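S.K.: As input, take my_file_30.pdb (PDB, C-alpha atoms, pLDDT in the B column):
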```
ATOM      1  CA  MET U  24     -10.635  27.730 102.247  1.00 48.00           C
ATOM      2  CA  LEU U  25      -9.076  31.170 101.823  1.00 61.00           C
ATOM      3  CA  THR U  26     -11.630  33.768 100.841  1.00 75.00           C
ATOM      4  CA  GLY U  27      -9.506  36.897 100.970  1.00 85.00           C
ATOM      5  CA  VAL U  28     -11.919  38.717 103.313  1.00 87.00           C
ATOM      6  CA  ARG U  29      -9.880  40.574 105.941  1.00 89.00           C
ATOM      7  CA  SER U  30     -12.585  42.501 107.779  1.00 89.00           C
ATOM      8  CA  ASP U  31     -16.293  43.247 107.758  1.00 89.00           C
ATOM      9  CA  HIS U  32     -17.362  46.357 109.720  1.00 91.00           C
ATOM     10  CA  THR U  33     -20.350  48.583 110.120  1.00 90.00           C
ATOM     11  CA  VAL U  34     -19.371  52.223 109.695  1.00 90.00           C
ATOM     12  CA  ILE U  35     -20.993  55.644 109.734  1.00 88.00           C
ATOM     13  CA  LEU U  36     -19.866  58.517 107.530  1.00 86.00           C
ATOM     14  CA  THR U  37     -18.420  61.286 109.679  1.00 86.00           C
ATOM     15  CA  ALA U  38     -17.638  64.084 107.232  1.00 86.00           C
ATOM     16  CA  PHE U  39     -20.344  66.731 107.592  1.00 83.00           C
ATOM     17  CA  ASP U  40     -21.488  66.800 103.959  1.00 85.00           C
ATOM     18  CA  SER U  41     -21.358  63.010 103.607  1.00 84.00           C
ATOM     19  CA  ALA U  42     -23.229  62.385 106.848  1.00 83.00           C
ATOM     20  CA  LYS U  43     -25.876  64.894 105.828  1.00 84.00           C
ATOM     21  CA  VAL U  44     -26.385  63.221 102.447  1.00 87.00           C
ATOM     22  CA  TYR U  45     -26.240  59.636 103.772  1.00 86.00           C
ATOM     23  CA  PRO U  46     -26.866  59.393 107.543  1.00 87.00           C
ATOM     24  CA  ASP U  47     -27.468  55.600 107.622  1.00 89.00           C
ATOM     25  CA  SER U  48     -24.899  52.967 108.520  1.00 89.00           C
ATOM     26  CA  LEU U  49     -22.767  51.379 105.827  1.00 91.00           C
ATOM     27  CA  ARG U  50     -20.838  48.157 105.621  1.00 92.00           C
ATOM     28  CA  ARG U  51     -17.100  48.243 104.887  1.00 93.00           C
ATOM     29  CA  VAL U  52     -15.621  45.006 103.596  1.00 92.00           C
ATOM     30  CA  SER U  53     -11.849  44.783 103.395  1.00 92.00           C
ATOM     31  CA  TYR U  54     -10.635  42.200 100.902  1.00 90.00           C
ATOM     32  CA  LEU U  55      -7.193  40.964  99.822  1.00 89.00           C
ATOM     33  CA  ASP U  56      -7.152  39.887  96.177  1.00 85.00           C
ATOM     34  CA  ILE U  57      -4.955  36.808  96.260  1.00 83.00           C
ATOM     35  CA  GLU U  58      -4.091  37.027  92.533  1.00 83.00           C
ATOM     36  CA  THR U  59      -2.911  40.651  92.495  1.00 84.00           C
ATOM     37  CA  LYS U  60      -1.995  40.980  96.202  1.00 86.00           C
ATOM     38  CA  LYS U  61      -4.004  44.214  96.356  1.00 87.00           C
ATOM     39  CA  ARG U  62      -6.027  45.157  99.408  1.00 90.00           C
ATOM     40  CA  LEU U  63      -9.438  46.520  98.434  1.00 88.00           C
ATOM     41  CA  LYS U  64     -12.126  48.143 100.562  1.00 90.00           C
ATOM     42  CA  PHE U  65     -15.766  48.184  99.540  1.00 89.00           C
ATOM     43  CA  LEU U  66     -18.587  50.291 100.958  1.00 89.00           C
ATOM     44  CA  THR U  67     -22.112  48.955 100.618  1.00 89.00           C
ATOM     45  CA  ASN U  68     -25.504  49.311 102.201  1.00 90.00           C
ATOM     46  CA  ASN U  69     -26.163  45.563 101.795  1.00 89.00           C
ATOM     47  CA  PHE U  70     -26.005  43.891 105.193  1.00 92.00           C
ATOM     48  CA  VAL U  71     -27.641  40.634 104.042  1.00 93.00           C
ATOM     49  CA  LEU U  72     -25.065  39.077 101.714  1.00 92.00           C
ATOM     50  CA  PRO U  73     -21.880  37.486 103.067  1.00 90.00           C
ATOM     51  CA  ALA U  74     -18.721  39.618 102.902  1.00 89.00           C
ATOM     52  CA  PHE U  75     -17.104  37.293 100.341  1.00 90.00           C
ATOM     53  CA  THR U  76     -20.132  37.655  98.049  1.00 90.00           C
ATOM     54  CA  ILE U  77     -19.899  41.455  98.314  1.00 89.00           C
ATOM     55  CA  ALA U  78     -16.231  41.278  97.270  1.00 87.00           C
ATOM     56  CA  GLN U  79     -17.039  38.972  94.348  1.00 87.00           C
ATOM     57  CA  ILE U  80     -19.828  41.279  93.159  1.00 88.00           C
ATOM     58  CA  TYR U  81     -17.416  44.223  93.057  1.00 85.00           C
ATOM     59  CA  LYS U  82     -14.821  42.078  91.291  1.00 80.00           C
ATOM     60  CA  CYS U  83     -17.398  41.145  88.640  1.00 84.00           C
ATOM     61  CA  ARG U  84     -18.376  44.798  88.367  1.00 84.00           C
ATOM     62  CA  TRP U  85     -14.898  45.563  87.019  1.00 82.00           C
ATOM     63  CA  GLN U  86     -15.504  43.090  84.204  1.00 84.00           C
ATOM     64  CA  VAL U  87     -18.663  45.016  83.333  1.00 83.00           C
ATOM     65  CA  GLU U  88     -16.681  48.273  83.391  1.00 86.00           C
ATOM     66  CA  LEU U  89     -14.073  46.758  81.058  1.00 87.00           C
ATOM     67  CA  PHE U  90     -16.844  45.552  78.739  1.00 81.00           C
ATOM     68  CA  PHE U  91     -18.347  49.042  78.494  1.00 79.00           C
ATOM     69  CA  ARG U  92     -14.891  50.537  77.915  1.00 84.00           C
ATOM     70  CA  TRP U  93     -14.437  48.057  75.032  1.00 81.00           C
ATOM     71  CA  ILE U  94     -17.842  49.078  73.681  1.00 79.00           C
ATOM     72  CA  LYS U  95     -16.873  52.759  73.755  1.00 78.00           C
ATOM     73  CA  GLN U  96     -13.562  52.075  72.018  1.00 78.00           C
ATOM     74  CA  HIS U  97     -14.725  49.620  69.353  1.00 75.00           C
ATOM     75  CA  LEU U  98     -18.419  50.027  68.668  1.00 77.00           C
ATOM     76  CA  ARG U  99     -19.953  53.077  67.088  1.00 73.00           C
ATOM     77  CA  ILE U 100     -22.560  53.917  69.706  1.00 77.00           C
ATOM     78  CA  LYS U 101     -22.713  57.673  70.078  1.00 76.00           C
ATOM     79  CA  ALA U 102     -25.779  57.709  72.330  1.00 79.00           C
ATOM     80  CA  PHE U 103     -28.474  55.310  73.385  1.00 79.00           C
ATOM     81  CA  TYR U 104     -31.771  56.024  71.669  1.00 83.00           C
ATOM     82  CA  GLY U 105     -33.831  54.513  74.466  1.00 84.00           C
ATOM     83  CA  THR U 106     -33.367  54.250  78.205  1.00 83.00           C
ATOM     84  CA  SER U 107     -35.174  51.001  78.887  1.00 89.00           C
ATOM     85  CA  GLU U 108     -33.163  47.837  79.474  1.00 89.00           C
ATOM     86  CA  ASN U 109     -34.517  46.345  76.253  1.00 91.00           C
ATOM     87  CA  ALA U 110     -33.565  49.409  74.181  1.00 89.00           C
ATOM     88  CA  VAL U 111     -29.993  49.443  75.499  1.00 86.00           C
ATOM     89  CA  LYS U 112     -29.552  45.691  75.045  1.00 88.00           C
ATOM     90  CA  THR U 113     -30.964  45.850  71.518  1.00 90.00           C
ATOM     91  CA  GLN U 114     -28.637  48.660  70.493  1.00 87.00           C
ATOM     92  CA  ILE U 115     -25.593  46.911  71.985  1.00 86.00           C
ATOM     93  CA  TRP U 116     -26.491  43.623  70.257  1.00 89.00           C
ATOM     94  CA  ILE U 117     -26.923  45.391  66.924  1.00 88.00           C
ATOM     95  CA  ALA U 118     -23.533  47.107  67.279  1.00 86.00           C
ATOM     96  CA  VAL U 119     -21.817  43.854  68.321  1.00 87.00           C
ATOM     97  CA  SER U 120     -23.454  42.042  65.387  1.00 90.00           C
ATOM     98  CA  ILE U 121     -22.172  44.664  62.939  1.00 86.00           C
ATOM     99  CA  TYR U 122     -18.701  44.436  64.470  1.00 86.00           C
ATOM    100  CA  VAL U 123     -18.710  40.624  64.089  1.00 89.00           C
ATOM    101  CA  LEU U 124     -19.992  40.837  60.498  1.00 89.00           C
ATOM    102  CA  VAL U 125     -17.217  43.286  59.604  1.00 86.00           C
ATOM    103  CA  ALA U 126     -14.647  40.990  61.260  1.00 88.00           C
ATOM    104  CA  ILE U 127     -15.955  38.040  59.218  1.00 91.00           C
ATOM    105  CA  ALA U 128     -15.873  40.106  56.003  1.00 85.00           C
ATOM    106  CA  ARG U 129     -12.335  41.267  56.801  1.00 86.00           C
ATOM    107  CA  LYS U 130     -11.146  37.687  57.266  1.00 89.00           C
ATOM    108  CA  ARG U 131     -12.936  36.276  54.210  1.00 88.00           C
ATOM    109  CA  LEU U 132     -11.774  39.081  51.928  1.00 83.00           C
ATOM    110  CA  GLY U 133      -8.241  38.994  53.316  1.00 85.00           C
ATOM    111  CA  LEU U 134      -8.195  42.724  54.059  1.00 82.00           C
ATOM    112  CA  GLU U 135      -5.127  44.165  55.777  1.00 82.00           C
ATOM    113  CA  LYS U 136      -6.901  47.195  57.199  1.00 81.00           C
ATOM    114  CA  SER U 137      -7.919  47.261  60.870  1.00 81.00           C
ATOM    115  CA  LEU U 138     -11.546  46.806  61.851  1.00 81.00           C
ATOM    116  CA  TYR U 139     -11.633  50.471  62.836  1.00 80.00           C
ATOM    117  CA  GLN U 140     -10.422  51.554  59.379  1.00 80.00           C
ATOM    118  CA  ILE U 141     -12.941  49.266  57.677  1.00 81.00           C
ATOM    119  CA  LEU U 142     -15.784  50.691  59.756  1.00 80.00           C
ATOM    120  CA  GLN U 143     -14.619  54.220  58.901  1.00 78.00           C
ATOM    121  CA  ILE U 144     -14.649  53.389  55.190  1.00 78.00           C
ATOM    122  CA  PHE U 145     -18.093  51.801  55.482  1.00 77.00           C
ATOM    123  CA  SER U 146     -19.420  54.886  57.258  1.00 75.00           C
ATOM    124  CA  ILE U 147     -18.516  57.176  54.351  1.00 75.00           C
ATOM    125  CA  THR U 148     -19.483  54.768  51.567  1.00 73.00           C
ATOM    126  CA  SER U 149     -22.633  53.271  53.067  1.00 69.00           C
ATOM    127  CA  LEU U 150     -24.995  54.774  50.475  1.00 70.00           C
ATOM    128  CA  GLU U 151     -22.921  53.854  47.418  1.00 71.00           C
ATOM    129  CA  LYS U 152     -23.762  50.829  45.271  1.00 79.00           C
ATOM    130  CA  VAL U 153     -20.214  49.563  44.843  1.00 74.00           C
ATOM    131  CA  PRO U 154     -18.854  46.075  45.573  1.00 76.00           C
ATOM    132  CA  ILE U 155     -16.908  45.971  48.828  1.00 72.00           C
ATOM    133  CA  LEU U 156     -13.580  45.017  47.259  1.00 75.00           C
ATOM    134  CA  GLU U 157     -13.777  47.938  44.828  1.00 77.00           C
ATOM    135  CA  VAL U 158     -14.318  50.347  47.728  1.00 74.00           C
ATOM    136  CA  PHE U 159     -11.161  49.136  49.453  1.00 73.00           C
ATOM    137  CA  GLU U 160      -9.155  49.160  46.209  1.00 72.00           C
ATOM    138  CA  ALA U 161     -10.205  52.789  45.689  1.00 68.00           C
ATOM    139  CA  PHE U 162      -9.039  53.708  49.205  1.00 65.00           C
ATOM    140  CA  ASP U 163      -5.743  51.854  48.685  1.00 61.00           C
ATOM    141  CA  SER U 164      -5.039  53.779  45.471  1.00 53.00           C
ATOM    142  CA  GLN U 165      -5.882  57.090  47.190  1.00 52.00           C
ATOM    143  CA  SER U 166      -3.461  56.321  50.023  1.00 53.00           C
ATOM    144  CA  GLU U 167      -0.727  55.559  47.465  1.00 48.00           C
ATOM    145  CA  LEU U 168      -1.279  59.001  45.916  1.00 43.00           C
ATOM    146  CA  LEU U 169      -0.845  60.622  49.311  1.00 48.00           C
ATOM    147  CA  ASP U 170       2.488  58.887  49.925  1.00 53.00           C
ATOM    148  CA  ASN U 171       4.718  61.476  48.300  1.00 55.00           C
ATOM    149  CA  PRO U 172       8.415  60.699  48.913  1.00 57.00           C
ATOM    150  CA  ASN U 173       9.268  64.391  48.420  1.00 58.00           C
ATOM    151  CA  GLN U 174       6.942  65.436  51.244  1.00 58.00           C
ATOM    152  CA  LEU U 175       8.744  66.771  54.302  1.00 57.00           C
ATOM    153  CA  ILE U 176       8.023  65.016  57.595  1.00 59.00           C
ATOM    154  CA  LEU U 177       7.108  67.351  60.413  1.00 59.00           C
ATOM    155  CA  PHE U 178       7.918  64.933  63.230  1.00 59.00           C
ATOM    156  CA  ASP U 179      10.873  62.804  62.123  1.00 54.00           C
ATOM    157  CA  LEU U 180      11.572  60.848  65.273  1.00 48.00           C
TER     158      LEU U 180
END
```
How does this structure look as structure tokens?
M.R.:
Amino acid sequence: MLTGVRSDHTVILTAFDSAKVYPDSLRRVSYLDIETKKRLKFLTNNFVLPAFTIAQIYKCRWQVELFFRWIKQHLRIKAFYGTSENAVKTQIWIAVSIYVLVAIARKRLGLEKSLYQILQIFSITSLEKVPILEVFEAFDSQSELLDNPNQLILFDL
């Protein structure tokens, strides 16, 4: 079975500042990702787990990074209100739930606007007692007023 692990060494940091901050030994695992043909090197202080497991943990870590990037781009979480694991999970689940509810509403109402645009409209009309479809019809009519054919285009590419 090919694991992709190319080497597993114990190393010591030699740069003066690095060695001063972290004088202990580290483990360097060199790994060849068979799918992408990229050679990756991981530094860890875990000497217990097998080298292949270390590589898989780092590979999974990228999925977590991509998930948090998606959260930053799509969910409206400006800051976490609590620092405990439960507080962060609760806030993420609430934001994901709102995102899913808006996606369901968009599909059921047949709206052409993007989820981002819908969330923007909801954020400025959240305290109004107006049916959802009327809110979007009002925004559609406003955008038609702004489309003036006599308006000069600054960047006509």
S.K.: For this structure, which residues satisfy the selection - the PyMOL selection byres ((chain U and resi 87-97) around 12) - when it is evaluated on the file as given? I want them as an MDAnalysis selection string.
M.R.: chainID U and resid 80:86 98:103 114:119 121:123 125:126 137:143
S.K.: Ranking U:Ala42, U:Ala128, U:Leu134, U:Val52 by minimum distance to U:Ala74 and counting all atoms listed in the file, which one comes first?
M.R.: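 That would be U:Val52, the residue with the smallest distance to U:Ala74.
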S.K.: Enumerate, as an MDAnalysis selection string, the residues matched when the PyMOL selection byres ((chain U and resi 35) around 7) is run on the file above.
M.R.: chainID U and resid 34 36:37 47:49
S.K.: For this file, the PyMOL selection byres ((chain U and resi 31) around 9) selects which residues, as an mmCIF file with C-alpha atoms, in the coordinates of the input?
M.R.:
```cif
data_model
loop_
_atom_site.group_PDB
_atom_site.id
_atom_site.type_symbol
_atom_site.label_atom_id
_atom_site.label_comp_id
_atom_site.auth_asym_id
_atom_site.auth_seq_id
_atom_site.Cartn_x
_atom_site.Cartn_y
_atom_site.Cartn_z
ATOM 1 C CA VAL U 28 -11.919 38.717 103.313
ATOM 2 C CA ARG U 29 -9.880 40.574 105.941
ATOM 3 C CA SER U 30 -12.585 42.501 107.779
ATOM 4 C CA HIS U 32 -17.362 46.357 109.720
ATOM 5 C CA THR U 33 -20.350 48.583 110.120
ATOM 6 C CA ARG U 50 -20.838 48.157 105.621
ATOM 7 C CA ARG U 51 -17.100 48.243 104.887
ATOM 8 C CA VAL U 52 -15.621 45.006 103.596
ATOM 9 C CA SER U 53 -11.849 44.783 103.395
ATOM 10 C CA TYR U 54 -10.635 42.200 100.902
ATOM 11 C CA ALA U 74 -18.721 39.618 102.902
#
```
S.K.: I'd like the interatomic distance between atom CA of U:Ile127 and atom CA of U:Asn109, to a tenth of an Å.
M.R.: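 Rounded to one decimal, the two atoms are 26.5 Å apart.
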